[in-house]
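*Asks:* Got a structure here, written out as structure tokens. Questions coming.
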Amino acid sequence: MAHFHLVQLYPNLMNLYGDRGNLLCLQKRLEWYGHDSSIENINPGDSLDFEHIDLLFMGGGSEREQELVLQDLASKRDSLMKAVEEGLPVLCICGAYQLLGEYYRSHEGKEMQGLGLFSFFTQGLKERLTGNILIHTTLNGVEESVVGFENHGGRTYFIDKRLQPFGSVIKGFGNNGEDKKEGIRYKNLLGSYLHGPLLPKNPQVADFFIKAMAERKGFRIERILDDSLENYAHEQVKRKLMG
Amino acid sequence: MKNLRLTLAIIAGKVLIYMSRLLGHQGTSLPGQIARKIYPRILRTLSANIRREIVAITGTNGKTTTSNMLAEILQQQGYSLVHNRLGANMLSGITTAFIEKSDIYGSRKFDYALLEIDEATVPLLLRETRPRLVLITNFFRDQLDRYGEMDHTIKLIQEAVKDQEIEMLLNADDPLTANFQAETGLKCWYYGFDDSSYDNCRVMDSREVRYCAFCGHQLEYEKYHYAQLGQYSCPQCHSRNPERDFTGHELEMSPDIELKVDGMALKSPCQGFHNAYNILAAVSLARLLGVEDENTKKAIASFKPQAGRMEVFFINGKRVVLVLVKNPAALNQTLASLIYDPGRKNLFFALNDNAADGRDISWIWDADVELLEYENVMIEQIVCSGQRSGDIALRFKYAGFPRERIKIETELPRAIELAVQGSVESSNILCSYTALFTCQRILMEMGKRSEAGEEKEKAYQPQS
């Protein structure tokens with residue numbers, strides 16, 4: 001039995017629309033795989049030791065909340081990027097995803113610097129992109145469908161065209177409602193607009209993180225879980241979207 | 001005829017109320033809406049017919065139940081009243097309530113108007129009517145509020161009541177109303193609970209952090225009575241709960257509520273700490289309006305919760321409780337009430353995602369479903385139904401409920417049938433808004449059938 005240390009960044013500020021459910025999901029699945037885990041909450045001002053964490057999670061938040069965490073996060077930027085380069089599993093949803101880019105421009109024209117880990121930007125508009133969403137992605141060599149609920153005013157555009165999205169949009173809006181791209185994928189980091197929360201109804205994405213975490217500890221996950229309920233819930237949303 | 005347009009508006013409203021009822025709708029908003037188009041001053045005019053007081057009741061949770069309780073109390077005391085009792089709490093719904101009671105000339109007088117009003121609509125209500133008392137039950141944030149709308153709404157209410165001839169009745173255990181007196185200069189009465197055996201000191205992960213209304217610092221809680229309501233203090237500016245004018249004490253929930261309000265003993269068939277708050281609020285308001293204790297006690301004892309607000313049916317010897325759950329707070333309070341129920345039970349949850357339910361159902365993950373220690377609450381099975389049966393099933397699975405006892409049945413009648421089967425003593429039927437009335441109808445039919453069955457059985461018993 002291994003122990004996994006999961007970190008939630010700024011749970012009081014960055015946690016929208018049930019995003020915390022992603023961690024509950026990982027924790028339970030780890031338990032079912034026969035492992036043990038803990039969740040550490042990091043608030044502004046707390047120090048973060050990237051050496052001893054297995055996964056980093058940050059959920060969505062409003063512009064106001066993003067501004068509040070940005071200063072704290074900026075001090076951790078370089079060590080975060082180094083950890084991402086080394087393959088740290090990271091999940092950033094909605095506002096947290098936007099923070100990874102170069103800047104966010106609000107619909108009033110106010111510009112807020114991002115962490116600049118990746119070369120993209122987000123343009124806020126008053127009209128929000130809301131609804132169920134279906135995307136396709138490839139995880140561990142297998143094509144998978146992913147479902148969720150998006151609710152964002154920001155439109156995200158890749159400046160560096162080599163950036164890889166998390167998936168391609170089949171139904172819904174994704175990054176900007178124009179280029180059919182959804183989220184960002186880099187090594188074991190996923191940025192995505194998908195709430196829902198993302199992981200419970202998409203067990204293959206949850207297991208993508210769990211496998212990556214285990215691999216970094218030098219072992220493989222062999223057990224297969226009963227995902228009949230997960231798949232049922234997944235298909236239910238898919239049917240709803242595809243009619 | 002003094003005012004033809006007014007009469008026309010009232011008649012149109014009354015016809016629309018009648019027609020929509022014929023069509024089986026509750027007819028609560030549309031008639032008022034149309035009447036307001038015909039005669040925009042209709043609410044001002046009709047609300048001037050109130051002889052004693054207009055009382056406005058607002059807040060996030062409990063406003064319908066509290067205002068219905070108060071209506072019972074005032075009727076027990078023999079007062080006539082106008083009341084939007086069906087919970088249509090925008091201006092159009094309130095206008096409908098006045099039209100329904102009015103004569104066609106708009107001149108019939110009433111003692112009281114009890115107006116349940118949506119929080120964000122309070123400023124608009126105050127432009128058209130003159131309430132003397134405003135009760136705020138509580139301000140609960142939910143996931144829809146992460147963009148700061150609640151703070152904005154509170155400010156708007158404070159600005160709207162300021163400098164008016166209004167007294168406020170507020171929840172002393174809710175830190176979000178602590179600064180009303182300072183901000184508005186109005187007379188503010190406070191009600192709240194003394195320590196009870198149901199308090200807890202545990203902080204749940206998803207319990208939202210509360211900040212001091214005066215200085216913005218994070219509050220410290222000594223005790224939580226229920227959700228975020230409790231005894232708190234601010235480590236920075238040292239503010240704490242306002243002093244209470246009305247105190248609820250000696251609370252017992254077994255599971256029906258018994259409590260005292262400043263020594264007056266009350267019994268109620270309602271359940272759950274949230275209902276204890278509703279009773280305390282209604283009783284405090286009744287005291288402010290000078291109602292006799294005997295009438296208050298009688299009304300509270302006979303008050304039965306409405307559709308979806310813990311309505312009880314008896315089916316095949318089982319107690320079946322129907323509850324509307326529409327946000328994390330409502331789900332938390334329903335689950336918390338299960339903890340006090342020692343019997344074996346089934347749980348049912350129909351979750352839809354139509355516009356009226358909210359298209360985004362992720363709020364089920366913001367509720368503390370982990371609150372239930374599943375080995376102790378004696379839940380035999382959980383039946384999941386509705387358009388998002390899969391999501392609610394997953395929520396319980398990831399909260400630690402055993403997979404093999406989670407059943408999915410999307411068809412409501414069959415799903416409810418499943419939930420009232422077996423040897424359990426009770427079933428808890430939870431549903432989102434658009435499943436509520438269907439579930440209620442199914443349960444009523446099952447209740448009738450079960451009653452008829454029992455009578456048949458009795459008739460066949462051999463005479464001795």
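Ligands are numbered from 1 in the order shown, chains are lettered A, B, ... in the order of the structure tokens, and residues start at 1 in each chain.
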Restrict the distance test to only C-alpha atoms, flag each residue of chain A within 7 Å of chain B, and return the flagged residues as a list of chain:residue names.
*Replies:*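 Contact residues on the first chain: A:Asn12, A:Leu16, A:Tyr17, A:Gly18, A:Gly21, A:Leu24, A:Cys25, A:Lys28, A:Ser62, A:Phe149, A:Gly196, A:Pro197, A:Leu229, A:Glu230, A:Tyr232, A:Ala233, A:Gln236.
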*Asks:* Take the selection from the previous step and output its residues with N, CA and C atoms, as a PDB file, in the first residue's frame.
*Replies:*
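As written to disk, part.pdb reads:
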ATOM      1  N   ASN A  12     -10.603  27.801  -0.204  1.00  0.00           N
ATOM      2  CA  ASN A  12     -11.648  28.775   0.162  1.00  0.00           C
ATOM      3  C   ASN A  12     -11.937  29.754  -0.958  1.00  0.00           C
ATOM      4  N   LEU A  16     -15.333  26.132  -7.369  1.00  0.00           N
ATOM      5  CA  LEU A  16     -16.639  26.507  -7.903  1.00  0.00           C
ATOM      6  C   LEU A  16     -17.385  25.259  -8.334  1.00  0.00           C
ATOM      7  N   TYR A  17     -18.694  25.336  -8.318  1.00  0.00           N
ATOM      8  CA  TYR A  17     -19.519  24.305  -8.948  1.00  0.00           C
ATOM      9  C   TYR A  17     -19.023  22.880  -8.657  1.00  0.00           C
ATOM     10  N   GLY A  18     -18.814  22.600  -7.387  1.00  0.00           N
ATOM     11  CA  GLY A  18     -18.489  21.222  -7.011  1.00  0.00           C
ATOM     12  C   GLY A  18     -17.105  20.741  -7.398  1.00  0.00           C
ATOM     13  N   GLY A  21     -15.208  17.955  -5.737  1.00  0.00           N
ATOM     14  CA  GLY A  21     -15.559  16.566  -6.024  1.00  0.00           C
ATOM     15  C   GLY A  21     -14.447  15.822  -6.759  1.00  0.00           C
ATOM     16  N   LEU A  24     -12.370  14.356  -4.021  1.00  0.00           N
ATOM     17  CA  LEU A  24     -13.102  13.259  -3.370  1.00  0.00           C
ATOM     18  C   LEU A  24     -13.035  12.019  -4.236  1.00  0.00           C
ATOM     19  N   CYS A  25     -13.138  12.234  -5.542  1.00  0.00           N
ATOM     20  CA  CYS A  25     -13.115  11.129  -6.491  1.00  0.00           C
ATOM     21  C   CYS A  25     -11.751  10.441  -6.473  1.00  0.00           C
ATOM     22  N   LYS A  28     -11.224   8.455  -3.195  1.00  0.00           N
ATOM     23  CA  LYS A  28     -11.970   7.189  -3.127  1.00  0.00           C
ATOM     24  C   LYS A  28     -11.384   6.151  -4.065  1.00  0.00           C
ATOM     25  N   SER A  62     -13.818  33.356  -9.326  1.00  0.00           N
ATOM     26  CA  SER A  62     -14.133  34.555 -10.099  1.00  0.00           C
ATOM     27  C   SER A  62     -12.862  35.373 -10.320  1.00  0.00           C
ATOM     28  N   PHE A 149     -19.701  20.014 -17.470  1.00  0.00           N
ATOM     29  CA  PHE A 149     -20.559  21.191 -17.572  1.00  0.00           C
ATOM     30  C   PHE A 149     -19.661  22.408 -17.579  1.00  0.00           C
ATOM     31  N   GLY A 196     -18.467  19.844 -13.158  1.00  0.00           N
ATOM     32  CA  GLY A 196     -19.396  18.695 -13.216  1.00  0.00           C
ATOM     33  C   GLY A 196     -19.561  17.950 -11.904  1.00  0.00           C
ATOM     34  N   PRO A 197     -18.511  17.693 -11.143  1.00  0.00           N
ATOM     35  CA  PRO A 197     -17.079  17.874 -11.412  1.00  0.00           C
ATOM     36  C   PRO A 197     -16.558  16.918 -12.483  1.00  0.00           C
ATOM     37  N   LEU A 229     -21.403   2.345 -12.628  1.00  0.00           N
ATOM     38  CA  LEU A 229     -22.171   3.562 -12.317  1.00  0.00           C
ATOM     39  C   LEU A 229     -21.563   4.780 -13.003  1.00  0.00           C
ATOM     40  N   GLU A 230     -20.229   4.847 -12.966  1.00  0.00           N
ATOM     41  CA  GLU A 230     -19.520   5.968 -13.586  1.00  0.00           C
ATOM     42  C   GLU A 230     -19.851   6.031 -15.075  1.00  0.00           C
ATOM     43  N   TYR A 232     -22.413   4.698 -16.559  1.00  0.00           N
ATOM     44  CA  TYR A 232     -23.828   4.995 -16.744  1.00  0.00           C
ATOM     45  C   TYR A 232     -24.049   6.510 -16.730  1.00  0.00           C
ATOM     46  N   ALA A 233     -23.458   7.166 -15.713  1.00  0.00           N
ATOM     47  CA  ALA A 233     -23.621   8.620 -15.585  1.00  0.00           C
ATOM     48  C   ALA A 233     -23.008   9.336 -16.787  1.00  0.00           C
ATOM     49  N   GLN A 236     -25.273   8.878 -19.747  1.00  0.00           N
ATOM     50  CA  GLN A 236     -26.507   9.650 -19.574  1.00  0.00           C
ATOM     51  C   GLN A 236     -26.329  11.081 -20.103  1.00  0.00           C
TER      52      GLN A 236
END
*Asks:* I want to know what sits within 10 Å of Leu26 in chain A, based on only C-alpha atoms, with residues of the same chain fewer than 5 positions away left out; could you give that as a PyMOL selection string?
*Replies:* (chain A and resi 6+21+31-32+37+55+199-200+203+206-207+209-210) or (chain B and resi 398)
*Asks:* To test your reading of the structure, identify every residue in range 207-390 of chain B that backbone DSSP assigns to strand (DSSP E or B), and report it as a PyMOL selection string.
*Replies:* chain B and resi 211+218+220-226+229-233+240+246-253+256-261+264-271+309-315+318-324+345-350+379-385
*Asks:* Between A:Arg155, A:His3, A:Lys201, A:Lys126, which residue has the minimum interatomic distance to Ser38 in chain A, considering only C-alpha atoms?
*Replies:*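 Looking only at the distances to Ser38 in chain A, the closest residue turns out to be A:His3.
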*Asks:* Neighbours of Glu445 in chain B within 12 Å (only C-alpha atoms; same-chain residues fewer than 4 positions away dropped), as a PyMOL selection string?
*Replies:* chain B and resi 313-315+413+416-417+438-441+449-452
*Asks:* Could those selected residues go to a file with N, CA and C atoms, as an mmCIF file, in the first residue's frame?
*Replies:*
data_model
loop_
_atom_site.group_PDB
_atom_site.id
_atom_site.type_symbol
_atom_site.label_atom_id
_atom_site.label_comp_id
_atom_site.auth_asym_id
_atom_site.auth_seq_id
_atom_site.Cartn_x
_atom_site.Cartn_y
_atom_site.Cartn_z
ATOM 1 N N PHE B 313 -46.277 10.921 4.216
ATOM 2 C CA PHE B 313 -47.306 9.995 3.744
ATOM 3 C C PHE B 313 -47.159 8.683 4.510
ATOM 4 N N PHE B 314 -48.253 7.923 4.609
ATOM 5 C CA PHE B 314 -48.132 6.584 5.191
ATOM 6 C C PHE B 314 -48.504 5.554 4.147
ATOM 7 N N ILE B 315 -47.533 4.725 3.782
ATOM 8 C CA ILE B 315 -47.739 3.757 2.710
ATOM 9 C C ILE B 315 -47.270 2.396 3.199
ATOM 10 N N PRO B 413 -42.406 6.383 -11.195
ATOM 11 C CA PRO B 413 -43.323 5.507 -10.440
ATOM 12 C C PRO B 413 -42.624 4.223 -9.989
ATOM 13 N N ILE B 416 -40.087 4.975 -7.174
ATOM 14 C CA ILE B 416 -40.690 5.209 -5.857
ATOM 15 C C ILE B 416 -41.189 3.889 -5.268
ATOM 16 N N GLU B 417 -41.752 3.071 -6.153
ATOM 17 C CA GLU B 417 -42.188 1.731 -5.735
ATOM 18 C C GLU B 417 -41.035 0.986 -5.055
ATOM 19 N N THR B 438 -44.743 15.465 -9.534
ATOM 20 C CA THR B 438 -44.995 14.093 -9.975
ATOM 21 C C THR B 438 -44.824 13.127 -8.807
ATOM 22 N N CYS B 439 -43.738 13.286 -8.061
ATOM 23 C CA CYS B 439 -43.506 12.395 -6.921
ATOM 24 C C CYS B 439 -44.648 12.526 -5.913
ATOM 25 N N GLN B 440 -45.087 13.757 -5.686
ATOM 26 C CA GLN B 440 -46.161 13.985 -4.723
ATOM 27 C C GLN B 440 -47.435 13.251 -5.160
ATOM 28 N N ARG B 441 -47.738 13.348 -6.463
ATOM 29 C CA ARG B 441 -48.946 12.701 -6.965
ATOM 30 C C ARG B 441 -48.849 11.181 -6.813
ATOM 31 N N ARG B 449 -54.213 4.005 -2.007
ATOM 32 C CA ARG B 449 -54.319 2.576 -2.262
ATOM 33 C C ARG B 449 -54.015 1.786 -0.991
ATOM 34 N N SER B 450 -52.954 2.239 -0.302
ATOM 35 C CA SER B 450 -52.539 1.535 0.903
ATOM 36 C C SER B 450 -53.619 1.627 1.979
ATOM 37 N N GLU B 451 -54.269 2.794 2.073
ATOM 38 C CA GLU B 451 -55.344 2.988 3.049
ATOM 39 C C GLU B 451 -56.529 2.076 2.718
ATOM 40 N N ALA B 452 -56.880 2.043 1.412
ATOM 41 C CA ALA B 452 -57.995 1.200 0.969
ATOM 42 C C ALA B 452 -57.688 -0.263 1.269
#
*Asks:* So how many Å separate CA of Asn68 in chain B and CA of His83 in chain B, to one decimal?
*Replies:*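 Distance reported for this atom pair: 8.4 Å.
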*Asks:* List the spatial neighbours of Ser302 in chain B as number ranges by chain - criterion: any atom at most 9 Å away, only C-alpha atoms, same-chain residues fewer than 5 positions off excluded.
*Replies:* B: 72, 267-269, 297
*Asks:* Please provide as a short mmCIF file (atom, residue, chain, number, x, y, z; two decimals) with all heavy atoms, in the first residue's frame all residues within 12 Å of Gly131 in chain A, with the sequence filter that same-chain residues fewer than 3 positions apart are discarded (counting only C-alpha atoms).
*Replies:*
data_model
loop_
_atom_site.label_atom_id
_atom_site.label_comp_id
_atom_site.auth_asym_id
_atom_site.auth_seq_id
_atom_site.Cartn_x
_atom_site.Cartn_y
_atom_site.Cartn_z
N ARG A 128 -21.88 34.49 -21.01
CA ARG A 128 -21.17 33.30 -20.54
C ARG A 128 -21.46 32.11 -21.45
O ARG A 128 -22.54 32.01 -22.04
CB ARG A 128 -21.58 32.97 -19.10
CG ARG A 128 -21.28 34.08 -18.12
CD ARG A 128 -21.64 33.70 -16.70
NE ARG A 128 -20.73 32.71 -16.14
CZ ARG A 128 -19.52 33.00 -15.67
NH1 ARG A 128 -19.07 34.23 -15.69
NH2 ARG A 128 -18.76 32.04 -15.16
N LEU A 134 -19.33 17.86 -24.45
CA LEU A 134 -18.73 16.56 -24.76
C LEU A 134 -17.48 16.82 -25.59
O LEU A 134 -17.53 17.54 -26.59
CB LEU A 134 -19.73 15.72 -25.57
CG LEU A 134 -19.21 14.43 -26.20
CD1 LEU A 134 -18.84 13.40 -25.14
CD2 LEU A 134 -20.25 13.82 -27.15
N VAL A 147 -17.15 14.09 -20.57
CA VAL A 147 -18.33 14.95 -20.44
C VAL A 147 -18.18 15.85 -19.22
O VAL A 147 -17.47 15.53 -18.27
CB VAL A 147 -19.64 14.15 -20.31
CG1 VAL A 147 -19.93 13.37 -21.57
CG2 VAL A 147 -19.60 13.23 -19.09
N GLY A 148 -18.87 16.97 -19.25
CA GLY A 148 -18.84 17.88 -18.12
C GLY A 148 -19.82 19.02 -18.32
O GLY A 148 -20.66 18.96 -19.23
N PHE A 149 -19.70 20.01 -17.47
CA PHE A 149 -20.56 21.19 -17.57
C PHE A 149 -19.66 22.41 -17.58
O PHE A 149 -18.82 22.56 -16.71
CB PHE A 149 -21.51 21.25 -16.39
CG PHE A 149 -22.63 22.25 -16.57
CD1 PHE A 149 -23.84 21.86 -17.11
CD2 PHE A 149 -22.45 23.57 -16.22
CE1 PHE A 149 -24.87 22.78 -17.30
CE2 PHE A 149 -23.48 24.50 -16.41
CZ PHE A 149 -24.69 24.09 -16.95
N GLU A 150 -19.81 23.25 -18.58
CA GLU A 150 -18.97 24.45 -18.63
C GLU A 150 -19.80 25.68 -18.31
O GLU A 150 -20.99 25.74 -18.59
CB GLU A 150 -18.28 24.58 -19.98
CG GLU A 150 -19.23 24.60 -21.16
CD GLU A 150 -18.51 24.69 -22.51
OE1 GLU A 150 -17.42 25.29 -22.57
OE2 GLU A 150 -19.05 24.16 -23.48
N ASN A 151 -19.15 26.66 -17.71
CA ASN A 151 -19.83 27.90 -17.33
C ASN A 151 -18.75 28.96 -17.17
O ASN A 151 -18.21 29.14 -16.10
CB ASN A 151 -20.58 27.67 -16.02
CG ASN A 151 -21.39 28.90 -15.62
OD1 ASN A 151 -21.31 29.95 -16.27
ND2 ASN A 151 -22.15 28.78 -14.54
N HIS A 152 -18.39 29.59 -18.27
CA HIS A 152 -17.30 30.57 -18.22
C HIS A 152 -17.56 31.76 -19.12
O HIS A 152 -18.11 31.61 -20.22
CB HIS A 152 -15.96 29.90 -18.58
CG HIS A 152 -15.97 29.09 -19.85
ND1 HIS A 152 -15.35 29.48 -20.99
CD2 HIS A 152 -16.54 27.89 -20.15
CE1 HIS A 152 -15.51 28.58 -21.95
NE2 HIS A 152 -16.24 27.59 -21.46
N LYS A 171 -19.57 18.56 -28.71
CA LYS A 171 -20.77 19.38 -28.43
C LYS A 171 -20.41 20.36 -27.33
O LYS A 171 -19.81 19.94 -26.33
CB LYS A 171 -21.93 18.50 -27.96
CG LYS A 171 -22.57 17.69 -29.05
CD LYS A 171 -23.71 18.44 -29.69
CE LYS A 171 -24.25 17.61 -30.87
NZ LYS A 171 -25.44 18.16 -31.44
N GLY A 172 -20.78 21.61 -27.48
CA GLY A 172 -20.48 22.60 -26.44
C GLY A 172 -19.53 23.65 -26.98
O GLY A 172 -19.39 23.80 -28.20
N PHE A 173 -18.89 24.39 -26.09
CA PHE A 173 -18.07 25.53 -26.51
C PHE A 173 -16.57 25.30 -26.38
O PHE A 173 -15.81 25.60 -27.27
CB PHE A 173 -18.45 26.78 -25.70
CG PHE A 173 -19.89 27.16 -25.84
CD1 PHE A 173 -20.80 26.89 -24.84
CD2 PHE A 173 -20.33 27.79 -27.00
CE1 PHE A 173 -22.14 27.23 -24.98
CE2 PHE A 173 -21.66 28.14 -27.16
CZ PHE A 173 -22.57 27.86 -26.15
N GLY A 174 -16.11 24.79 -25.23
CA GLY A 174 -14.66 24.60 -25.04
C GLY A 174 -13.95 25.91 -24.80
O GLY A 174 -14.51 26.84 -24.22
N GLY A 177 -15.36 28.55 -28.07
CA GLY A 177 -16.56 28.40 -28.89
C GLY A 177 -16.28 28.54 -30.38
O GLY A 177 -17.19 28.54 -31.19
N TYR A 193 -11.99 23.62 -18.85
CA TYR A 193 -13.16 24.38 -18.39
C TYR A 193 -14.23 23.46 -17.80
O TYR A 193 -15.28 23.93 -17.38
CB TYR A 193 -13.76 25.17 -19.56
CG TYR A 193 -13.09 26.51 -19.77
CD1 TYR A 193 -12.40 26.80 -20.93
CD2 TYR A 193 -13.15 27.48 -18.78
CE1 TYR A 193 -11.79 28.03 -21.12
CE2 TYR A 193 -12.54 28.71 -18.95
CZ TYR A 193 -11.86 28.98 -20.12
OH TYR A 193 -11.26 30.20 -20.27
N LEU A 194 -13.98 22.17 -17.79
CA LEU A 194 -15.06 21.25 -17.42
C LEU A 194 -15.29 21.12 -15.91
O LEU A 194 -14.46 20.58 -15.18
CB LEU A 194 -14.81 19.85 -18.02
CG LEU A 194 -15.42 19.63 -19.41
CD1 LEU A 194 -14.80 20.58 -20.42
CD2 LEU A 194 -15.24 18.20 -19.85
N HIS A 195 -16.44 21.65 -15.49
CA HIS A 195 -16.92 21.37 -14.13
C HIS A 195 -17.77 20.11 -14.22
O HIS A 195 -17.84 19.47 -15.26
CB HIS A 195 -17.79 22.53 -13.61
CG HIS A 195 -17.08 23.83 -13.52
ND1 HIS A 195 -16.18 24.12 -12.54
CD2 HIS A 195 -17.17 24.95 -14.29
CE1 HIS A 195 -15.73 25.36 -12.70
NE2 HIS A 195 -16.32 25.88 -13.75
N GLY A 196 -18.47 19.84 -13.16
CA GLY A 196 -19.40 18.70 -13.22
C GLY A 196 -19.56 17.95 -11.90
O GLY A 196 -20.65 17.59 -11.59
N VAL A 237 -25.19 11.68 -19.78
CA VAL A 237 -24.92 13.04 -20.26
C VAL A 237 -24.68 13.04 -21.76
O VAL A 237 -25.16 13.91 -22.50
CB VAL A 237 -23.70 13.64 -19.53
CG1 VAL A 237 -23.42 15.05 -20.04
CG2 VAL A 237 -23.93 13.68 -18.02
N LYS A 240 -27.87 12.78 -23.62
CA LYS A 240 -28.56 14.05 -23.53
C LYS A 240 -28.03 15.02 -24.59
O LYS A 240 -28.79 15.74 -25.22
CB LYS A 240 -28.29 14.61 -22.14
CG LYS A 240 -29.27 15.61 -21.67
CD LYS A 240 -28.96 16.06 -20.26
CE LYS A 240 -29.88 17.17 -19.89
NZ LYS A 240 -31.22 16.73 -19.54
N LEU A 241 -26.72 15.00 -24.78
CA LEU A 241 -26.09 15.92 -25.72
C LEU A 241 -26.26 15.50 -27.16
O LEU A 241 -26.41 16.33 -28.05
CB LEU A 241 -24.59 16.03 -25.41
CG LEU A 241 -24.23 17.03 -24.31
CD1 LEU A 241 -22.82 16.79 -23.83
CD2 LEU A 241 -24.38 18.45 -24.83
N ASP B 353 -32.52 18.00 -14.49
CA ASP B 353 -31.74 19.19 -14.85
C ASP B 353 -32.46 20.07 -15.87
O ASP B 353 -31.85 20.62 -16.77
CB ASP B 353 -30.33 18.80 -15.32
CG ASP B 353 -30.34 18.00 -16.62
OD1 ASP B 353 -31.44 17.60 -17.07
OD2 ASP B 353 -29.26 17.77 -17.17
N ASN B 354 -33.78 20.19 -15.70
CA ASN B 354 -34.52 21.16 -16.51
C ASN B 354 -34.19 22.57 -16.02
O ASN B 354 -33.60 22.73 -14.95
CB ASN B 354 -36.02 20.91 -16.37
CG ASN B 354 -36.41 19.56 -16.92
OD1 ASN B 354 -36.02 19.20 -18.02
ND2 ASN B 354 -37.16 18.80 -16.13
N ALA B 355 -34.62 23.57 -16.78
CA ALA B 355 -34.29 24.95 -16.42
C ALA B 355 -34.71 25.28 -14.99
O ALA B 355 -33.96 25.91 -14.25
CB ALA B 355 -34.94 25.92 -17.40
N GLY B 358 -32.34 23.99 -12.48
CA GLY B 358 -30.95 24.39 -12.66
C GLY B 358 -30.30 23.37 -13.58
O GLY B 358 -30.35 22.17 -13.32
N ARG B 359 -29.74 23.85 -14.69
CA ARG B 359 -29.13 22.94 -15.66
C ARG B 359 -27.86 22.31 -15.10
O ARG B 359 -27.46 21.23 -15.51
CB ARG B 359 -28.75 23.71 -16.94
CG ARG B 359 -29.94 24.36 -17.60
CD ARG B 359 -30.44 23.50 -18.74
NE ARG B 359 -31.55 24.16 -19.42
CZ ARG B 359 -32.61 23.51 -19.87
NH1 ARG B 359 -32.71 22.22 -19.68
NH2 ARG B 359 -33.55 24.17 -20.49
N ASP B 360 -27.20 23.03 -14.22
CA ASP B 360 -25.95 22.54 -13.67
C ASP B 360 -26.25 21.84 -12.35
O ASP B 360 -26.72 22.45 -11.40
CB ASP B 360 -25.02 23.74 -13.42
CG ASP B 360 -23.69 23.30 -12.84
OD1 ASP B 360 -23.41 22.08 -12.81
OD2 ASP B 360 -22.92 24.18 -12.41
N ILE B 361 -25.97 20.55 -12.30
CA ILE B 361 -26.30 19.79 -11.09
C ILE B 361 -25.07 19.56 -10.20
O ILE B 361 -25.12 18.79 -9.25
CB ILE B 361 -26.98 18.45 -11.43
CG1 ILE B 361 -26.18 17.66 -12.47
CG2 ILE B 361 -28.38 18.67 -11.99
CD1 ILE B 361 -25.09 16.83 -11.93
N SER B 362 -23.99 20.27 -10.51
CA SER B 362 -22.75 20.03 -9.75
C SER B 362 -22.88 20.38 -8.27
O SER B 362 -22.06 19.98 -7.47
CB SER B 362 -21.60 20.80 -10.37
OG SER B 362 -21.85 22.18 -10.27
#
